[in-house]
$ cat work.txt   # compact mmCIF, C-alpha atoms
# COMPACT_ATOMS: atom_id res chain seq x y z
CA MET A 923 -24.56 -17.34 22.39
CA LYS A 924 -27.40 -15.21 21.02
CA LYS A 925 -25.12 -12.15 20.79
CA LEU A 926 -22.46 -14.22 19.04
CA TYR A 927 -25.05 -15.58 16.59
CA LYS A 928 -26.29 -12.04 15.83
CA MET A 929 -22.74 -10.85 15.22
CA ILE A 930 -21.94 -13.74 12.87
CA ASN A 931 -25.30 -13.41 11.12
CA SER A 932 -24.98 -9.64 10.58
CA PRO A 933 -24.68 -8.33 6.98
CA VAL A 934 -21.14 -7.01 7.63
CA ALA A 935 -19.96 -10.33 9.12
CA LYS A 936 -21.44 -12.29 6.21
CA LEU A 937 -19.84 -9.92 3.71
CA THR A 938 -16.45 -10.11 5.44
CA ILE A 939 -16.53 -13.93 5.53
CA THR A 940 -17.54 -14.04 1.85
CA LEU A 941 -14.69 -11.70 0.89
CA ILE A 942 -12.14 -13.73 2.88
CA VAL A 943 -13.27 -17.01 1.25
CA LEU A 944 -13.23 -15.38 -2.18
CA TYR A 945 -9.74 -13.97 -1.55
CA ILE A 946 -8.34 -17.37 -0.48
CA ALA A 947 -9.87 -19.00 -3.56
CA LEU A 948 -8.51 -16.20 -5.73
CA LYS A 949 -4.98 -16.49 -4.43
CA MET A 950 -4.70 -20.28 -4.19
CA LEU A 951 -6.85 -21.51 -7.10
CA ILE A 952 -8.17 -18.86 -9.47
CA LEU A 953 -5.06 -16.76 -10.13
CA PRO A 954 -2.68 -19.68 -10.84
CA TYR A 955 -5.21 -21.24 -13.22
CA LEU A 956 -6.07 -18.02 -15.08
CA THR A 957 -2.42 -17.16 -15.65
CA SER A 958 -1.59 -20.61 -17.00
CA THR A 959 -0.57 -20.99 -20.65
CA GLU A 960 -3.48 -23.32 -21.38
CA PHE A 961 -6.09 -20.87 -20.16
CA GLN A 962 -4.49 -17.92 -21.95
CA GLU A 963 -4.64 -19.89 -25.22
CA PHE A 964 -8.29 -20.73 -24.53
CA ILE A 965 -9.12 -17.03 -24.07
CA GLN A 966 -7.30 -16.09 -27.29
CA ASN A 967 -9.33 -18.68 -29.19
CA LEU A 968 -12.56 -17.22 -27.82
CA GLY A 969 -11.82 -13.84 -29.40
CA PRO A 970 -14.63 -11.27 -28.98
CA TRP A 971 -16.94 -13.97 -27.59
CA GLY A 972 -15.04 -13.68 -24.32
CA TYR A 973 -16.15 -10.05 -23.96
CA ILE A 974 -19.73 -10.99 -24.80
CA VAL A 975 -19.73 -13.70 -22.12
CA VAL A 976 -18.45 -11.24 -19.47
CA VAL A 977 -21.04 -8.58 -20.35
CA GLY A 978 -23.88 -11.08 -20.77
CA TYR A 979 -23.30 -12.88 -17.48
CA THR A 980 -22.76 -9.67 -15.50
CA VAL A 981 -26.00 -8.15 -16.84
CA LEU A 982 -27.80 -11.39 -15.94
CA SER A 983 -26.31 -11.30 -12.42
CA HIS A 984 -27.64 -7.75 -11.97
CA VAL A 985 -31.14 -8.69 -13.12
CA LEU A 986 -31.24 -11.96 -11.16
CA ALA A 987 -29.75 -10.59 -7.94
CA PRO A 988 -29.11 -13.99 -6.29
CA LEU A 989 -26.47 -14.57 -9.01
CA VAL A 990 -23.07 -13.17 -8.08
CA GLY A 991 -21.25 -11.20 -10.76
CA SER A 992 -18.04 -10.43 -8.84
CA PRO A 993 -16.17 -13.67 -9.70
CA VAL A 994 -16.66 -13.06 -13.44
CA PHE A 995 -15.35 -9.50 -13.12
CA ILE A 996 -12.33 -10.78 -11.18
CA VAL A 997 -11.66 -13.31 -13.95
CA SER A 998 -12.05 -10.53 -16.53
CA ILE A 999 -9.63 -8.18 -14.81
CA ILE A 1000 -6.96 -10.89 -14.58
CA VAL A 1001 -7.44 -12.06 -18.17
CA TYR A 1002 -8.19 -8.80 -20.01
CA GLY A 1003 -6.57 -6.25 -17.70
CA LEU A 1004 -7.96 -3.24 -15.86
CA ASN A 1005 -8.95 -0.85 -18.67
CA THR A 1006 -10.78 -3.40 -20.81
CA SER A 1007 -12.58 -4.90 -17.80
CA LEU A 1008 -13.74 -1.51 -16.52
CA THR A 1009 -15.03 -0.69 -19.99
CA LEU A 1010 -16.97 -3.98 -20.04
CA LEU A 1011 -18.29 -3.23 -16.54
CA PHE A 1012 -19.47 0.21 -17.64
CA ILE A 1013 -21.33 -1.34 -20.59
CA THR A 1014 -23.09 -3.76 -18.24
CA GLN A 1015 -24.07 -0.87 -15.96
CA LEU A 1016 -25.51 1.03 -18.93
CA ILE A 1017 -27.67 -1.97 -19.80
CA SER A 1018 -28.67 -3.50 -16.46
CA SER A 1019 -29.54 -0.20 -14.75
CA VAL A 1020 -32.18 0.41 -17.45
CA ILE A 1021 -33.55 -3.15 -17.35
CA ASN A 1022 -33.85 -3.27 -13.56
CA PHE A 1023 -35.41 0.17 -13.25
CA TRP A 1024 -38.12 -0.50 -15.84
CA ILE A 1025 -38.89 -3.99 -14.53
CA ALA A 1026 -39.57 -2.45 -11.12
CA ARG A 1027 -41.41 0.59 -12.51
CA LYS A 1028 -43.69 -1.33 -14.90
CA TYR A 1029 -44.30 -4.61 -13.06
CA GLY A 1030 -43.78 -3.70 -9.40
CA ARG A 1031 -42.74 -5.64 -6.34
CA ASN A 1032 -44.25 -9.01 -7.25
CA LEU A 1033 -42.06 -9.59 -10.30
CA VAL A 1034 -39.00 -8.08 -8.62
CA ARG A 1035 -39.43 -10.48 -5.70
CA LYS A 1036 -39.63 -13.43 -8.08
CA LEU A 1037 -36.43 -12.34 -9.82
CA VAL A 1038 -34.34 -11.61 -6.72
CA GLY A 1039 -35.87 -13.68 -3.93
CA LYS A 1040 -37.31 -12.68 -0.54
CA LYS A 1041 -33.95 -12.03 1.09
CA SER A 1042 -32.76 -9.63 -1.58
CA MET A 1043 -36.19 -7.98 -1.62
CA ALA A 1044 -35.60 -6.88 1.99
CA ASP A 1045 -32.44 -5.05 0.86
CA ILE A 1046 -34.32 -3.43 -2.01
CA ASP A 1047 -37.02 -2.22 0.39
CA LYS A 1048 -34.37 -0.36 2.37
CA PHE A 1049 -33.54 1.78 -0.64
CA THR A 1050 -37.19 2.62 -1.26
CA THR A 1051 -37.43 4.07 2.26
CA LEU A 1052 -34.30 6.21 1.71
CA GLU A 1053 -35.42 7.64 -1.61
CA GLY A 1054 -33.57 10.80 -2.68
CA LYS A 1055 -30.99 12.09 -5.12
CA LYS A 1056 -28.30 12.63 -2.47
CA VAL A 1057 -28.63 9.05 -1.25
CA LEU A 1058 -28.48 7.78 -4.83
CA VAL A 1059 -25.28 9.76 -5.49
CA ILE A 1060 -23.54 8.31 -2.41
CA VAL A 1061 -24.73 4.76 -3.09
CA ARG A 1062 -23.61 4.93 -6.73
CA LEU A 1063 -20.18 6.24 -5.70
CA PHE A 1064 -19.41 3.69 -2.99
CA GLY A 1065 -22.05 0.97 -3.15
CA PHE A 1066 -21.02 -0.89 -6.29
CA SER A 1067 -21.75 -4.15 -4.48
CA VAL A 1068 -25.46 -3.24 -4.35
CA PHE A 1069 -25.75 -1.82 -7.88
CA ASP A 1070 -28.64 -4.13 -8.83
CA PHE A 1071 -30.59 -3.59 -5.59
CA VAL A 1072 -30.47 0.18 -6.03
CA SER A 1073 -31.71 -0.01 -9.62
CA TYR A 1074 -34.73 -2.03 -8.53
CA GLY A 1075 -35.29 0.09 -5.43
CA ILE A 1076 -35.36 3.41 -7.29
CA GLY A 1077 -37.69 1.90 -9.89
CA LEU A 1078 -40.19 1.30 -7.08
CA THR A 1079 -40.10 4.98 -6.06
CA ASN A 1080 -41.40 8.09 -7.80
CA MET A 1081 -38.00 9.31 -9.00
CA LYS A 1082 -37.95 10.24 -12.69
CA PHE A 1083 -35.99 7.91 -14.95
CA LYS A 1084 -34.04 10.85 -16.41
CA ASP A 1085 -32.76 11.95 -12.97
CA TYR A 1086 -32.00 8.37 -11.96
CA TYR A 1087 -30.08 7.57 -15.14
CA ILE A 1088 -28.06 10.81 -15.20
CA ILE A 1089 -26.91 10.23 -11.62
CA THR A 1090 -26.26 6.52 -12.21
CA MET A 1091 -24.15 7.06 -15.32
CA GLY A 1092 -22.42 10.14 -13.97
CA MET A 1093 -21.30 8.35 -10.81
CA ALA A 1094 -20.37 5.24 -12.84
CA VAL A 1095 -18.03 7.35 -14.98
CA ILE A 1096 -16.44 8.92 -11.87
CA THR A 1097 -15.84 5.60 -10.08
CA ASN A 1098 -14.56 4.08 -13.33
CA LEU A 1099 -12.03 6.88 -13.80
CA ILE A 1100 -10.93 6.78 -10.15
CA GLU A 1101 -10.30 3.04 -10.31
CA ARG A 1102 -8.35 3.43 -13.54
CA TRP A 1103 -6.23 6.15 -11.94
CA MET A 1104 -5.62 4.21 -8.71
CA PHE A 1105 -4.69 0.88 -10.28
CA SER A 1106 -3.45 1.79 -13.76
CA HIS A 1107 0.11 0.65 -12.98
CA PHE A 1108 -0.98 -2.69 -11.50
CA ASP A 1109 -0.14 -6.03 -13.09
CA PHE A 1110 -3.20 -8.21 -12.46
CA THR A 1111 -1.30 -11.40 -13.07
CA ASN A 1112 0.84 -10.47 -10.05
CA SER A 1113 -0.43 -11.95 -6.77
CA THR A 1114 0.64 -8.95 -4.67
CA HIS A 1115 -1.05 -6.42 -6.96
CA VAL A 1116 -4.26 -8.47 -7.07
CA SER A 1117 -4.23 -8.72 -3.26
CA ILE A 1118 -3.89 -4.93 -2.86
CA TRP A 1119 -6.65 -4.26 -5.38
CA PHE A 1120 -8.97 -6.85 -3.82
CA GLY A 1121 -8.23 -5.58 -0.30
CA THR A 1122 -8.97 -1.97 -1.29
CA ILE A 1123 -12.28 -2.80 -2.98
CA GLY A 1124 -13.24 -5.14 -0.13
CA THR A 1125 -12.51 -2.50 2.53
CA ILE A 1126 -14.59 0.13 0.71
CA THR A 1127 -17.45 -2.36 0.42
CA ILE A 1128 -17.36 -3.21 4.14
CA LEU A 1129 -17.17 0.46 5.19
CA PHE A 1130 -20.07 1.33 2.90
CA THR A 1131 -22.17 -1.52 4.33
CA LEU A 1132 -21.45 -0.32 7.88
CA GLY A 1133 -22.22 3.31 7.01
CA PHE A 1134 -25.39 2.50 5.12
CA GLY A 1135 -26.63 0.24 7.92
CA TYR A 1136 -26.01 2.98 10.49
CA TYR A 1137 -27.78 5.61 8.36
CA TYR A 1138 -30.76 3.33 7.69
CA ASN A 1139 -31.16 2.41 11.38
CA LYS A 1140 -30.93 6.07 12.38
CA LYS A 1141 -33.65 7.00 9.86
CA GLN A 1142 -35.86 4.18 11.12
CA THR A 1143 -35.41 5.28 14.74
CA VAL A 1144 -36.38 8.87 13.90
CA ALA A 1145 -39.39 7.67 11.89
CA ASN A 1146 -40.56 5.43 14.74
CA GLN A 1147 -40.22 8.22 17.31
CA SER A 1148 -42.15 10.70 15.16
CA SER A 1149 -44.99 8.20 14.65
CA LYS A 1150 -45.54 7.78 18.39
$ encode --input "work.txt" --output "structure tokens"
Amino acid sequence: MKKLYKMINSPVAKLTITLIVLYIALKMLILPYLTSTEFQEFIQNLGPWGYIVVVGYTVLSHVLAPLVGSPVFIVSIIVYGLNTSLTLLFITQLISSVINFWIARKYGRNLVRKLVGKKSMADIDKFTTLEGKKVLVIVRLFGFSVFDFVSYGIGLTNMKFKDYYIITMGMAVITNLIERWMFSHFDFTNSTHVSIWFGTIGTITILFTLGFGYYYNKKQTVANQSSK
């Protein structure tokens, strides 16, 4: 029973369960509602305020890490399409990566912990122990699900803001362009296309979580052995 509990309670298992629940909700509830005539008319009446809401909430979800920004991005991609949504996402990354870094750099762990909670703080601490430009490049390329944690984590290290921001924005541009290229022909009001997109992003997220966990545990093992 203990082994089963550990497996279910592992970060990968929690992430997988969350993605499955989100996918079921997306397919059965969210997609039919967002593609309805009534909702489309509502979005048209919002005008540019709709874009402001998407950017504003996503930035807030990055700063207050317990908030989840993914559902809003999913709504955006169905309503506004791929290119517009990725542009909005890039704008949020430009803003939130600066805010998070300087909150951590100027005010330290105490304020960060208050903003993200104890649980999220444990994830942030992992990044501070793996400080380095190579790690940041890999995390920014594949770890979009932990964008906010990384920004806080690097702010708690000695890395220069210039190096951090160049890597962050450079990798954000690359992932943005790759996603545009991969899914440019997709119709995000089509259930099959949404399922393929969601499955691809979800798989990358799970593989990254597994890989990062393995790398972190390996580093910890080596550090513990060298300290003996």
$ closest_atom_pairs --input "work.txt" --of "stretch 1045-1069 of chain A" --to "stretch 1117-1129 of chain A" --cutoff "12 Å" --atoms "all atoms listed in the file" --output "tab-separated table"
residue	atom	partner	partner_atom	distance
A:Val1061	CA	A:Thr1127	CA	10.8
A:Arg1062	CA	A:Thr1127	CA	11.9
A:Leu1063	CA	A:Ile1126	CA	10.5
A:Phe1064	CA	A:Ile1126	CA	7.0
A:Gly1065	CA	A:Thr1127	CA	6.7
A:Phe1066	CA	A:Thr1127	CA	7.7
A:Ser1067	CA	A:Thr1127	CA	6.8
A:Val1068	CA	A:Thr1127	CA	9.4
A:Phe1069	CA	A:Thr1127	CA	11.8
$ closest_residue --input "work.txt" --among "A:Ile1089, A:Phe1110, A:Asp1047, A:Trp1024" --to "A:Tyr1002" --atoms "all atoms listed in the file"
A:Phe1110
$ atom_distance --input "work.txt" --atom1 "atom CA of A:Thr1051" --atom2 "atom CA of A:Val1038"
18.3 Å
$ closest_residue --input "work.txt" --among "A:Arg1031, A:Arg1102, A:His1115, A:Lys1084" --to "A:Asn1005" --atoms "all atoms listed in the file"
A:Arg1102
$ closest_residue --input "work.txt" --among "A:Tyr979, A:Tyr973, A:Phe1108, A:Tyr1137" --to "A:Ser998" --atoms "only C-alpha atoms"
A:Tyr973
$ atom_distance --input "work.txt" --atom1 "atom CA of A:Phe1049" --atom2 "atom CA of A:Val1072"
6.4 Å
$ atom_distance --input "work.txt" --atom1 "atom CA of A:Tyr1136" --atom2 "atom CA of A:Met1091"
26.2 Å
$ closest_residue --input "work.txt" --among "A:Thr1009, A:Pro970, A:Ser992, A:Met1081" --to "A:Gly1054" --atoms "only C-alpha atoms"
A:Met1081
